[in-house]
>>> print(open('input.csv').read())   # CSV, C-alpha atoms
chain,number,residue,atom,x,y,z
A,1,ILE,CA,26.4,14.8,10.9
A,2,GLY,CA,27.6,11.2,10.6
A,3,THR,CA,30.3,12.2,8.2
A,4,SER,CA,31.8,14.3,10.9
A,5,VAL,CA,32.8,11.2,12.8
A,6,THR,CA,34.0,9.5,9.6
A,7,ASN,CA,36.2,12.2,8.4
A,8,THR,CA,37.8,12.6,11.8
A,9,LEU,CA,38.6,8.9,11.8
A,10,VAL,CA,40.0,9.0,8.3
A,11,SER,CA,42.2,12.0,9.3
A,12,MET,CA,43.6,9.9,12.2
A,13,GLY,CA,44.8,7.4,9.6
A,14,GLN,CA,47.5,9.9,8.7
A,15,ALA,CA,49.1,9.6,12.1
A,16,GLY,CA,52.4,8.3,10.6
A,17,ASP,CA,53.4,11.8,9.5
A,18,ARG,CA,52.9,14.8,11.8
A,19,LEU,CA,52.5,17.4,9.1
A,20,THR,CA,50.1,15.3,7.1
A,21,LEU,CA,48.1,14.5,10.3
A,22,GLN,CA,47.8,18.3,11.0
A,23,ARG,CA,46.6,19.0,7.5
A,24,ALA,CA,44.1,16.1,7.4
A,25,PHE,CA,42.7,17.0,10.8
A,26,ALA,CA,42.4,20.6,9.8
A,27,GLY,CA,40.5,19.6,6.7
A,28,ALA,CA,38.2,17.3,8.8
A,29,THR,CA,37.5,20.2,11.1
A,30,VAL,CA,36.6,22.5,8.3
A,31,HIS,CA,34.2,19.8,6.9
A,32,ASP,CA,32.7,19.4,10.4
A,33,MET,CA,32.0,23.1,10.7
A,34,PHE,CA,30.4,23.2,7.3
A,35,ASN,CA,28.2,20.3,8.2
A,36,TRP,CA,27.1,21.9,11.5
A,37,LEU,CA,26.5,25.3,10.1
A,38,THR,CA,24.4,23.8,7.2
A,39,VAL,CA,22.3,21.9,9.8
A,40,LEU,CA,22.0,25.0,12.0
A,41,CYS,CA,20.8,27.1,8.9
A,42,LEU,CA,18.5,24.6,7.2
A,43,LEU,CA,16.9,22.7,10.0
A,44,PRO,CA,15.1,25.7,11.5
A,45,ILE,CA,13.9,26.7,8.1
A,46,GLU,CA,12.6,23.2,7.5
A,47,ILE,CA,10.9,23.0,10.8
A,48,ILE,CA,9.3,26.5,10.5
A,49,PHE,CA,7.9,25.9,7.0
A,50,GLY,CA,6.8,22.4,8.0
A,51,ALA,CA,4.8,23.8,10.9
A,52,MET,CA,3.3,26.5,8.7
A,53,GLN,CA,2.4,24.4,5.7
A,54,GLY,CA,1.7,21.1,7.3
A,55,ASP,CA,3.6,18.9,4.9
A,56,GLY,CA,7.3,19.7,5.2
A,57,GLY,CA,9.6,22.5,4.2
A,58,PRO,CA,11.7,23.4,1.1
A,59,LEU,CA,13.9,20.3,1.4
A,60,TYR,CA,10.8,18.1,1.5
A,61,TRP,CA,9.3,19.8,-1.5
A,62,LEU,CA,12.6,19.5,-3.5
A,63,THR,CA,13.0,15.8,-2.7
A,64,LYS,CA,9.3,15.2,-3.4
A,65,VAL,CA,9.7,16.7,-6.9
A,66,PHE,CA,12.7,14.4,-7.6
A,67,ALA,CA,11.0,11.3,-6.2
A,68,ASP,CA,7.8,12.0,-8.2
A,69,ALA,CA,9.9,12.4,-11.4
A,70,ALA,CA,11.7,9.2,-10.7
A,71,MET,CA,8.5,7.3,-10.1
A,72,GLU,CA,7.2,8.1,-13.7
A,73,ASN,CA,3.6,7.4,-12.8
A,74,GLY,CA,4.5,4.2,-11.1
A,75,SER,CA,2.4,2.6,-8.4
A,76,LYS,CA,3.4,2.1,-4.8
A,77,GLY,CA,5.8,-0.8,-4.4
A,78,ASP,CA,7.2,-0.5,-7.9
A,79,ASP,CA,10.9,0.0,-8.4
A,80,PRO,CA,11.2,2.7,-11.0
A,81,LEU,CA,15.0,2.7,-11.0
A,82,LYS,CA,15.3,-1.0,-11.5
A,83,ASP,CA,17.9,-1.6,-14.3
A,84,LYS,CA,18.5,2.2,-14.5
A,85,SER,CA,21.6,3.1,-12.6
A,86,PRO,CA,22.2,6.9,-12.7
A,87,THR,CA,25.9,6.4,-12.2
A,88,LYS,CA,26.0,3.9,-15.1
A,89,ILE,CA,24.1,6.4,-17.4
A,90,VAL,CA,26.6,9.2,-16.6
A,91,THR,CA,29.8,7.1,-16.7
A,92,SER,CA,29.2,4.6,-19.5
A,93,PRO,CA,30.0,7.0,-22.4
A,94,LEU,CA,33.3,8.0,-20.9
A,95,ALA,CA,34.1,4.4,-19.9
A,96,LYS,CA,33.5,3.2,-23.5
A,97,VAL,CA,36.1,5.8,-24.8
A,98,VAL,CA,38.7,5.2,-22.1
A,99,ILE,CA,38.3,1.5,-21.4
A,100,SER,CA,38.3,-0.9,-24.3
A,101,ASN,CA,38.9,-4.6,-23.8
A,102,ASN,CA,41.3,-6.1,-26.2
A,103,THR,CA,40.7,-9.8,-26.0
A,104,TYR,CA,44.0,-10.7,-27.7
A,105,ILE,CA,46.0,-8.8,-25.0
A,106,ILE,CA,43.9,-10.4,-22.2
A,107,ASN,CA,44.5,-13.9,-23.6
A,108,ALA,CA,48.2,-13.2,-24.1
A,109,LEU,CA,48.5,-12.0,-20.5
A,110,SER,CA,46.7,-15.0,-19.2
A,111,LEU,CA,49.2,-17.3,-20.9
A,112,GLY,CA,52.1,-15.6,-19.2
A,113,ALA,CA,55.6,-14.9,-20.6
A,114,PRO,CA,57.1,-17.7,-22.6
A,115,ALA,CA,59.9,-19.5,-20.8
A,116,ALA,CA,63.3,-19.6,-22.4
A,117,MET,CA,64.4,-23.0,-23.7
A,118,LEU,CA,67.2,-24.5,-21.7
A,119,SER,CA,69.6,-26.9,-23.2
A,120,THR,CA,68.7,-30.3,-21.8
A,121,SER,CA,69.6,-33.8,-22.8
A,122,VAL,CA,66.1,-34.4,-24.0
A,123,ASN,CA,66.2,-31.3,-26.3
A,124,GLU,CA,69.6,-32.3,-27.6
A,125,SER,CA,68.7,-35.9,-28.4
A,126,ALA,CA,65.5,-34.6,-30.2
A,127,GLY,CA,67.7,-32.3,-32.3
A,128,CYS,CA,66.2,-29.2,-30.7
A,129,ALA,CA,68.9,-26.8,-29.7
A,130,PRO,CA,68.2,-23.4,-28.1
A,131,PRO,CA,68.8,-20.4,-30.3
>>> encode(input="input.csv", output="C-alpha cells")
Amino acid sequence: IGTSVTNTLVSMGQAGDRLTLQRAFAGATVHDMFNWLTVLCLLPIEIIFGAMQGDGGPLYWLTKVFADAAMENGSKGDDPLKDKSPTKIVTSPLAKVVISNNTYIINALSLGAPAAMLSTSVNESAGCAPP
C-alpha cells in the first residue's frame, strides 16, 4: 500500500508535459487498483486460515519455507546470507560478459588528451618546433 503513495508522487514529477502527466497518472492509478485488489483478496484469506490453523495462512507458510531454506540449519542470531548477495549471484555472470575493465583505457583516460604543442620562444630556442 505504501507504493501507492510513491507511484502517485512519481507521476506528479511529469507535470512539465500534460500528456505525459496524464499517462503517468493513469499508470499510477492502475498500479494502485492492483495493490488494493490484491490486499482485498489475500488479506481475508490470510486472516481466515490464520484463525483456523493458529499459525498463519498461505503467505506465512510460503515465507516460512523460504526463510527456513535460507537459514540452512543456522541458529538464531546467525546471518545466513552474509557474503551471499542474491542479486550478485544472479547478475555477476552477465556483468562479467558485458563489463570488462581495460586498465590501459582507464589509465589513458585518466591522463587526459595530450595538449598540442604551441610554438613558444622556449621551444624554438631548444630546437623543438611543432610539427
>>> atom_distance(input="input.csv", atom1="atom CA of A:Glu46", atom2="atom CA of A:Val5")
24.1 Å
>>> closest_residue(input="input.csv", among="A:Thr8, A:Val97, A:Val90, A:Phe34", to="A:Gln22", atoms="only C-alpha atoms")
A:Thr8
>>> atom_distance(input="input.csv", atom1="atom CA of A:Ser11", atom2="atom CA of A:Met33")
15.1 Å
>>> atom_distance(input="input.csv", atom1="atom CA of A:Leu19", atom2="atom CA of A:Thr38")
28.9 Å
>>> residues_around(input="input.csv", residues="A:Thr6", least_positions_apart="3", cutoff="12 Å", atoms="only C-alpha atoms", output="list in words")
Ile1, Gly2, Thr3, Leu9, Val10, Ser11, Met12, Gly13, Phe25, Ala28, Thr29, His31 and Asp32 of chain A
>>> axis_aligned_box(input="input.csv", around="stretch 23-33 of chain A", padding_each_side="6 Å", output="JSON")
{"center_x": 39.3, "center_y": 19.6, "center_z": 8.9, "size_x": 26.6, "size_y": 19.0, "size_z": 16.4}
